[in-house]
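Asker: I'd like to ask you about the structure that follows.
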Amino acid sequence: MACIVAKFGGTSVADIDRIERAADKIAREVALGNKVAVVVSAMSGVTNQLVQYCNDVTPVHDAREYDAVVSSGEQVTAGLMAIALQKRGIDARSWMGWQVPIKCSEVYGKARIEDIDGSHMLERFEEREVAVLAGFQGVTERGRIATLGRGGSDTTAVALAAALNAERCDIYTDVDGVYTTDPRITKAAKKIDRISYEEMLELASLGAKVLQVRSVEMAYKRDIPIQVLSSFEDQIGSELPGTLVTREEDIMEQEVVNGVAFTKDEAKVTLLNVPDIPGIAAKVFDPLADANVNVDMIVQNISSDGKVTDITFTVPENELDKTLEALNAQEELKEAEIRADKDITKISVVGIGMRSHAGVAQTMFRTLADKGINIQVISTSEIKISVIVAKEYLELAVRSLHTAYGLDG
Ligand code: ADP
Ligand code: ASP
Ligand code: MG
């Protein structure tokens with residue numbers, strides 16, 4: 001007998017038929033004697049529609065009310081899933097975030113889970129009642145509903161697994177595991193059997209949206225294995241058909257490079273003719289921090305004349321306007337030329353094996369050079385190398401790197 005949390009994403013609960021199929025899987029887990037809690041997303045497309053409604057009223061809206069609107073999709077699926085389970089003779093009950101409660105911070109629209117009081121749910125869980133929790137939502141100290149950012153049901157699921165002391169969190173989705181790159185980009189993408197928390201964290205942060213970054217962070221911190229698996233295939237979580245995200249020690253063979261990730265939604269900002277004086281970086285980045293802009297790659301060159309220098313960095317594309325506004329307001333930058341470029345993509349290769357292998361970066365640079373792709377910015381860490389290239393090369397670059405690192409299936 002195992003304690004499992006099973007999460008079904010939007011495509012896996014897209015209509016009544018799929019909800020029924022998901023309920024069948026839960027019924028099979030229960031029949032095996034497992035204790036199960038379920039987390040559901042909104043039906044596929046519903047959250048996008050709800051976001052659109054808010055924007056249609058006014059693009060600049062109150063984040064609290066945005067959360068009141070967009071959290072509603074999960075309420076519907078939680079209720080429907082509970083009904084579908086009851087129809088199968090299972091003692092099931094739906095829970096909204098505030099009923100547990102899932103306490104979260106007051107950053108509406110991208111709140112963080114601070115605490116889950118699982119005691120009430122745990123009692124019922126011990127009695128084998130199947131809890132069906134609405135993903136993506138929590139409640140703030142003031143008693144308002146807040147949402148956890150797009151893809152946040154993954155985080156709800158891992159947080160619940162931690163609160164219930166579950167031994168695994170199964171994430172049912174529309175792919176049968178984590179792949180060496182997004183299978184939508186290349187057919188050569190290969191399913192990975194096991195991947196370390198650390199590598200998955202990098203892949204997710206660098207654009208592989210199969211898991212929300214914070215869900216992996218939490219799984220890593222609390223050591224809760226995540227299994228990514230398909231809801232469209234016959235197997236259930238306990239048969240372990242998917243990809244296991246787990247501790248590094250539990251993985252026998254480490255590849256040098258395990259995956260290629262990319263983001264399309266970043267923009268590059270370059271400041272030319274910035275005075276090369278102490279404190280200038282702070283002058284550039286302080287106002288961005290104040291405006292809550294998430295700055296990513298930062299490159300500053302040494303000045304050739306000792307007077308002026310250039311700084312390049314990337315920000316999320318939807319925060320570019322805010323960034324330019326903040327920079328233009330800086331007195332110290334009034335002589336600088338500010339350039340912005342949205343036609344870029346960040347491509348990264350990730351692998352724990354990089355720690356002990358030389359020449360990994362060289363392979364990346366050589367491969368891109370052979371395809372005539374110009375590298376604009378490079379950044380590295382212990383287990384990843386990222387480059388910025390023009391957006392038009394996205395697919396070519398991902399496919400060539402996938403081949404160059406021997407990942408093709
Ligand atoms: P859900 O609605 O179930 O949460 P998502 O759309 O959030 O599903 O995540 C699944 C999608 O993630 C897949 O359809 C796939 O296109 C995409 N994806 C991106 N990178 C990867 C990867 N490395 N491995 C598997 N899927 C990936
Ligand atoms: N429904 C939310 C979204 O589409 C949360 C989730 O599915 O994880 O972002
Ligand atoms: Mg998702």
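Going by the structure tokens order, chains are called A, B, ..., each with residues numbered from 1, while ligands are numbered from 1 in the order shown.
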Give me the residues of segment 224-254 of chain A that have any atom at most 9 Å from an atom of segment 179-195 of chain A; for each, the nearest atom pair and the distance in Å, rounded to one decimal. Use only C-alpha atoms, sort by chain and number, and format it as JSON lines.
Answerer:
{"residue": "A:Pro241", "atom": "CA", "partner": "A:Asp193", "partner_atom": "CA", "distance": 8.7}
{"residue": "A:Gly242", "atom": "CA", "partner": "A:Asp193", "partner_atom": "CA", "distance": 6.9}
{"residue": "A:Thr243", "atom": "CA", "partner": "A:Asp193", "partner_atom": "CA", "distance": 4.7}
{"residue": "A:Leu244", "atom": "CA", "partner": "A:Arg194", "partner_atom": "CA", "distance": 4.7}
{"residue": "A:Val245", "atom": "CA", "partner": "A:Ile195", "partner_atom": "CA", "distance": 4.9}
{"residue": "A:Thr246", "atom": "CA", "partner": "A:Ile195", "partner_atom": "CA", "distance": 6.3}
{"residue": "A:Arg247", "atom": "CA", "partner": "A:Ile195", "partner_atom": "CA", "distance": 8.0}
{"residue": "A:Glu248", "atom": "CA", "partner": "A:Ile195", "partner_atom": "CA", "distance": 7.6}
{"residue": "A:Asp250", "atom": "CA", "partner": "A:Arg194", "partner_atom": "CA", "distance": 8.5}
{"residue": "A:Ile251", "atom": "CA", "partner": "A:Arg194", "partner_atom": "CA", "distance": 6.6}
{"residue": "A:Gln254", "atom": "CA", "partner": "A:Ile195", "partner_atom": "CA", "distance": 8.9}
Asker: Give the residues close to ligand 3, within 9 Å, counting only C-alpha atoms and all ligand atoms; write them as a PDB file with all heavy atoms, in the first residue's frame.
Answerer:
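Written out: result26.pdb:
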ATOM      1  N   GLY A   9      -3.657  17.292 -15.443  1.00  0.00           N
ATOM      2  CA  GLY A   9      -3.571  18.607 -16.086  1.00  0.00           C
ATOM      3  C   GLY A   9      -4.761  18.861 -16.999  1.00  0.00           C
ATOM      4  O   GLY A   9      -5.625  17.987 -17.176  1.00  0.00           O
ATOM      5  N   GLY A  10      -4.794  20.051 -17.586  1.00  0.00           N
ATOM      6  CA  GLY A  10      -5.942  20.512 -18.368  1.00  0.00           C
ATOM      7  C   GLY A  10      -6.399  19.567 -19.472  1.00  0.00           C
ATOM      8  O   GLY A  10      -7.593  19.268 -19.591  1.00  0.00           O
ATOM      9  N   SER A  41      -6.551  20.317 -12.561  1.00  0.00           N
ATOM     10  CA  SER A  41      -6.475  21.611 -13.251  1.00  0.00           C
ATOM     11  C   SER A  41      -7.860  21.935 -13.801  1.00  0.00           C
ATOM     12  O   SER A  41      -8.753  21.092 -13.778  1.00  0.00           O
ATOM     13  CB  SER A  41      -5.533  21.519 -14.448  1.00  0.00           C
ATOM     14  OG  SER A  41      -4.211  21.471 -14.044  1.00  0.00           O
ATOM     15  N   ARG A 150       0.718  30.553 -13.733  1.00  0.00           N
ATOM     16  CA  ARG A 150       0.315  29.557 -14.735  1.00  0.00           C
ATOM     17  C   ARG A 150       1.065  28.244 -14.514  1.00  0.00           C
ATOM     18  O   ARG A 150       2.246  28.241 -14.189  1.00  0.00           O
ATOM     19  CB  ARG A 150       0.542  30.100 -16.152  1.00  0.00           C
ATOM     20  CG  ARG A 150      -0.275  31.344 -16.495  1.00  0.00           C
ATOM     21  CD  ARG A 150      -1.770  31.190 -16.263  1.00  0.00           C
ATOM     22  NE  ARG A 150      -2.378  30.084 -16.960  1.00  0.00           N
ATOM     23  CZ  ARG A 150      -2.931  30.147 -18.172  1.00  0.00           C
ATOM     24  NH1 ARG A 150      -2.926  31.298 -18.831  1.00  0.00           N
ATOM     25  NH2 ARG A 150      -3.489  29.092 -18.712  1.00  0.00           N
ATOM     26  N   GLY A 151       0.335  27.174 -14.678  1.00  0.00           N
ATOM     27  CA  GLY A 151       0.932  25.853 -14.446  1.00  0.00           C
ATOM     28  C   GLY A 151       0.985  25.486 -12.969  1.00  0.00           C
ATOM     29  O   GLY A 151       1.586  24.477 -12.588  1.00  0.00           O
ATOM     30  N   GLY A 152       0.332  26.300 -12.119  1.00  0.00           N
ATOM     31  CA  GLY A 152       0.478  26.176 -10.663  1.00  0.00           C
ATOM     32  C   GLY A 152      -0.124  24.929 -10.037  1.00  0.00           C
ATOM     33  O   GLY A 152       0.198  24.604  -8.891  1.00  0.00           O
ATOM     34  N   SER A 153      -0.947  24.199 -10.774  1.00  0.00           N
ATOM     35  CA  SER A 153      -1.518  22.975 -10.180  1.00  0.00           C
ATOM     36  C   SER A 153      -0.434  21.938  -9.896  1.00  0.00           C
ATOM     37  O   SER A 153      -0.591  21.107  -8.997  1.00  0.00           O
ATOM     38  CB  SER A 153      -2.568  22.369 -11.113  1.00  0.00           C
ATOM     39  OG  SER A 153      -3.635  23.259 -11.269  1.00  0.00           O
ATOM     40  N   ASP A 154       0.642  21.971 -10.656  1.00  0.00           N
ATOM     41  CA  ASP A 154       1.765  21.060 -10.372  1.00  0.00           C
ATOM     42  C   ASP A 154       2.272  21.320  -8.958  1.00  0.00           C
ATOM     43  O   ASP A 154       2.566  20.393  -8.196  1.00  0.00           O
ATOM     44  CB  ASP A 154       2.937  21.301 -11.347  1.00  0.00           C
ATOM     45  CG  ASP A 154       2.586  20.972 -12.791  1.00  0.00           C
ATOM     46  OD1 ASP A 154       1.715  20.118 -13.011  1.00  0.00           O
ATOM     47  OD2 ASP A 154       3.199  21.583 -13.699  1.00  0.00           O
ATOM     48  N   THR A 173      -0.327  13.873 -17.646  1.00  0.00           N
ATOM     49  CA  THR A 173      -0.402  14.949 -18.632  1.00  0.00           C
ATOM     50  C   THR A 173      -0.582  14.371 -20.030  1.00  0.00           C
ATOM     51  O   THR A 173      -1.004  13.222 -20.172  1.00  0.00           O
ATOM     52  CB  THR A 173       0.845  15.871 -18.492  1.00  0.00           C
ATOM     53  OG1 THR A 173       0.757  16.917 -19.440  1.00  0.00           O
ATOM     54  CG2 THR A 173       2.145  15.105 -18.698  1.00  0.00           C
ATOM     55  N   LYS A 209       8.204  23.453 -20.026  1.00  0.00           N
ATOM     56  CA  LYS A 209       7.043  23.763 -19.190  1.00  0.00           C
ATOM     57  C   LYS A 209       6.243  22.543 -18.757  1.00  0.00           C
ATOM     58  O   LYS A 209       5.126  22.663 -18.282  1.00  0.00           O
ATOM     59  CB  LYS A 209       6.142  24.767 -19.915  1.00  0.00           C
ATOM     60  CG  LYS A 209       6.815  26.132 -19.972  1.00  0.00           C
ATOM     61  CD  LYS A 209       5.872  27.237 -20.397  1.00  0.00           C
ATOM     62  CE  LYS A 209       6.601  28.573 -20.378  1.00  0.00           C
ATOM     63  NZ  LYS A 209       6.457  29.332 -21.604  1.00  0.00           N
ATOM     64  N   VAL A 210       6.810  21.366 -18.908  1.00  0.00           N
ATOM     65  CA  VAL A 210       6.088  20.159 -18.516  1.00  0.00           C
ATOM     66  C   VAL A 210       5.813  20.138 -17.009  1.00  0.00           C
ATOM     67  O   VAL A 210       4.806  19.589 -16.564  1.00  0.00           O
ATOM     68  CB  VAL A 210       6.821  18.894 -19.030  1.00  0.00           C
ATOM     69  CG1 VAL A 210       8.219  18.795 -18.474  1.00  0.00           C
ATOM     70  CG2 VAL A 210       6.050  17.637 -18.743  1.00  0.00           C
ATOM     71  N   LEU A 211       6.684  20.776 -16.217  1.00  0.00           N
ATOM     72  CA  LEU A 211       6.441  20.934 -14.782  1.00  0.00           C
ATOM     73  C   LEU A 211       6.667  22.389 -14.393  1.00  0.00           C
ATOM     74  O   LEU A 211       7.628  23.004 -14.864  1.00  0.00           O
ATOM     75  CB  LEU A 211       7.400  20.059 -13.965  1.00  0.00           C
ATOM     76  CG  LEU A 211       7.185  18.539 -14.012  1.00  0.00           C
ATOM     77  CD1 LEU A 211       8.332  17.826 -13.292  1.00  0.00           C
ATOM     78  CD2 LEU A 211       5.851  18.160 -13.374  1.00  0.00           C
ATOM     79  N   GLN A 212       5.813  22.926 -13.520  1.00  0.00           N
ATOM     80  CA  GLN A 212       6.061  24.299 -13.064  1.00  0.00           C
ATOM     81  C   GLN A 212       7.327  24.296 -12.191  1.00  0.00           C
ATOM     82  O   GLN A 212       7.524  23.387 -11.376  1.00  0.00           O
ATOM     83  CB  GLN A 212       4.863  24.827 -12.249  1.00  0.00           C
ATOM     84  CG  GLN A 212       4.865  26.360 -12.200  1.00  0.00           C
ATOM     85  CD  GLN A 212       4.010  26.957 -11.089  1.00  0.00           C
ATOM     86  OE1 GLN A 212       3.874  26.375 -10.014  1.00  0.00           O
ATOM     87  NE2 GLN A 212       3.449  28.125 -11.330  1.00  0.00           N
TER      88      GLN A 212
END
Asker: Among segment 140-376 of chain A, which ones does DSSP assign to alpha helix (DSSP H) (computed from the backbone)? Answer as a PyMOL selection string.
Answerer: chain A and resi 153-163+197-205+213-222+280-290+320-328+360-370
Asker: Report as a PyMOL selection string which protein, DNA and RNA residues come within 10 Å of ligand 2, using only C-alpha atoms and all ligand atoms.
Answerer: chain A and resi 7-11+39-51+70-74+134-137+147-157+210-212
Asker: Could you name the residues that touch segment 94-96 of chain A at 10 Å or less, counting only C-alpha atoms, but leaving out those on the same chain fewer than 3 positions away, as a ChimeraX atom specification?
Answerer: /A:38-39,71-72,74-83,99-102,121,130-139,145
Asker: Looking at only C-alpha atoms, which of A:Val36, A:Ile226, A:Leu203, A:Ala22 is the one that sits closest to Glu127 of chain A?
Answerer: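 Nearest candidate to Glu127 of chain A out of A:Val36, A:Ile226, A:Leu203, A:Ala22: A:Val36.
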Asker: Set the distance at 7 Å and use only C-alpha atoms: which residues neighbour Ile378 of chain A once local chain neighbours fewer than 6 positions away are removed? I'd like the list as a PyMOL selection string.
Answerer: chain A and resi 386-388
Asker: Would you mind reading off the distance between atom CA of Asp265 of chain A and atom CA of Lys391 of chain A, one decimal, in Å?
Answerer: 10.0 Å
Asker: Measuring between only C-alpha atoms, which one of A:Glu253, A:Glu233, A:Glu198, A:Asp117 shows the shortest distance to Val216 of chain A?
Answerer: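 Under the stated criterion, the closest residue is A:Glu198.
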Asker: One number please: atom CA of Val228 of chain A to atom 13 (C, counted along the ligand's line) of ligand 1, in Å, one decimal.
Answerer: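 Separation of atom CA of Val228 of chain A and atom 13 (C, counted along the ligand's line) of ligand 1: 10.4 Å.
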Asker: Looking at only C-alpha atoms, which of A:Arg112, A:Lys283, A:Arg222, A:Lys342 is the one that sits closest to Lys264 of chain A?
Answerer: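 The answer is A:Lys342, which sits nearest to Lys264 of chain A.
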Asker: Determine which residues of segment 84-181 of chain A receive a DSSP assignment of strand (DSSP E or B), computed from the backbone, and state them as a VMD selection string.
Answerer: chain A and resid 92 to 95 102 to 104 113 to 116 130 to 134 137 to 139 145 to 147 168 to 173 179
Asker: Using only C-alpha atoms, pick whichever of A:Tyr172, A:Phe285, A:Tyr66, A:Tyr197 has the shortest atom-to-atom distance to Arg214 of chain A.
Answerer: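 Among A:Tyr172, A:Phe285, A:Tyr66, A:Tyr197, it is A:Tyr197 that comes nearest to Arg214 of chain A.
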Asker: How far is it from atom CA of Val260 of chain A to atom CA of Ser379 of chain A, in Å with one decimal?
Answerer: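 Straight-line distance from atom CA of Val260 of chain A to atom CA of Ser379 of chain A works out to 14.8 Å.
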Asker: Given the choices A:Gly177, A:Gly351, A:Gly406, A:Gly279, which gets closest to ligand 1 if the distance is worked out from only C-alpha atoms and all ligand atoms?
Answerer: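 Once distances to ligand 1 are computed over only C-alpha atoms and all ligand atoms, the minimum belongs to A:Gly177.
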Asker: With distances taken over only C-alpha atoms and all ligand atoms, which of A:Ile383, A:Val398, A:Ala336, A:Val293 is nearest to ligand 1?
Answerer: A:Val398
Asker: Can you pull out every residue within 12 Å of segment 358-366 of chain A, counting only C-alpha atoms, but drop anything in the same chain fewer than 6 positions away, and send it as a PyMOL selection string?
Answerer: chain A and resi 255-258+260+347-352+372-389+397-406
Asker: Which polymer residues have any atom within 10 Å of an atom of Glu217 of chain A, counting only C-alpha atoms, with same-chain residues fewer than 6 positions away left out, as a JSON list (two decimals) with C-alpha atoms, in the first residue's frame?
Answerer:
[["chain", "number", "residue", "atom", "x", "y", "z"],
["A", 155, "THR", "CA", 2.90, 22.98, -7.31],
["A", 158, "VAL", "CA", 3.66, 18.47, -4.80],
["A", 197, "TYR", "CA", 15.67, 16.98, -9.18],
["A", 198, "GLU", "CA", 18.52, 19.31, -10.00],
["A", 200, "MET", "CA", 14.68, 18.89, -13.86],
["A", 201, "LEU", "CA", 14.82, 22.17, -11.97],
["A", 202, "GLU", "CA", 17.20, 23.59, -14.58],
["A", 204, "ALA", "CA", 11.94, 23.68, -16.05],
["A", 205, "SER", "CA", 13.52, 27.06, -15.26],
["A", 223, "ASP", "CA", 12.50, 14.85, -1.40]]
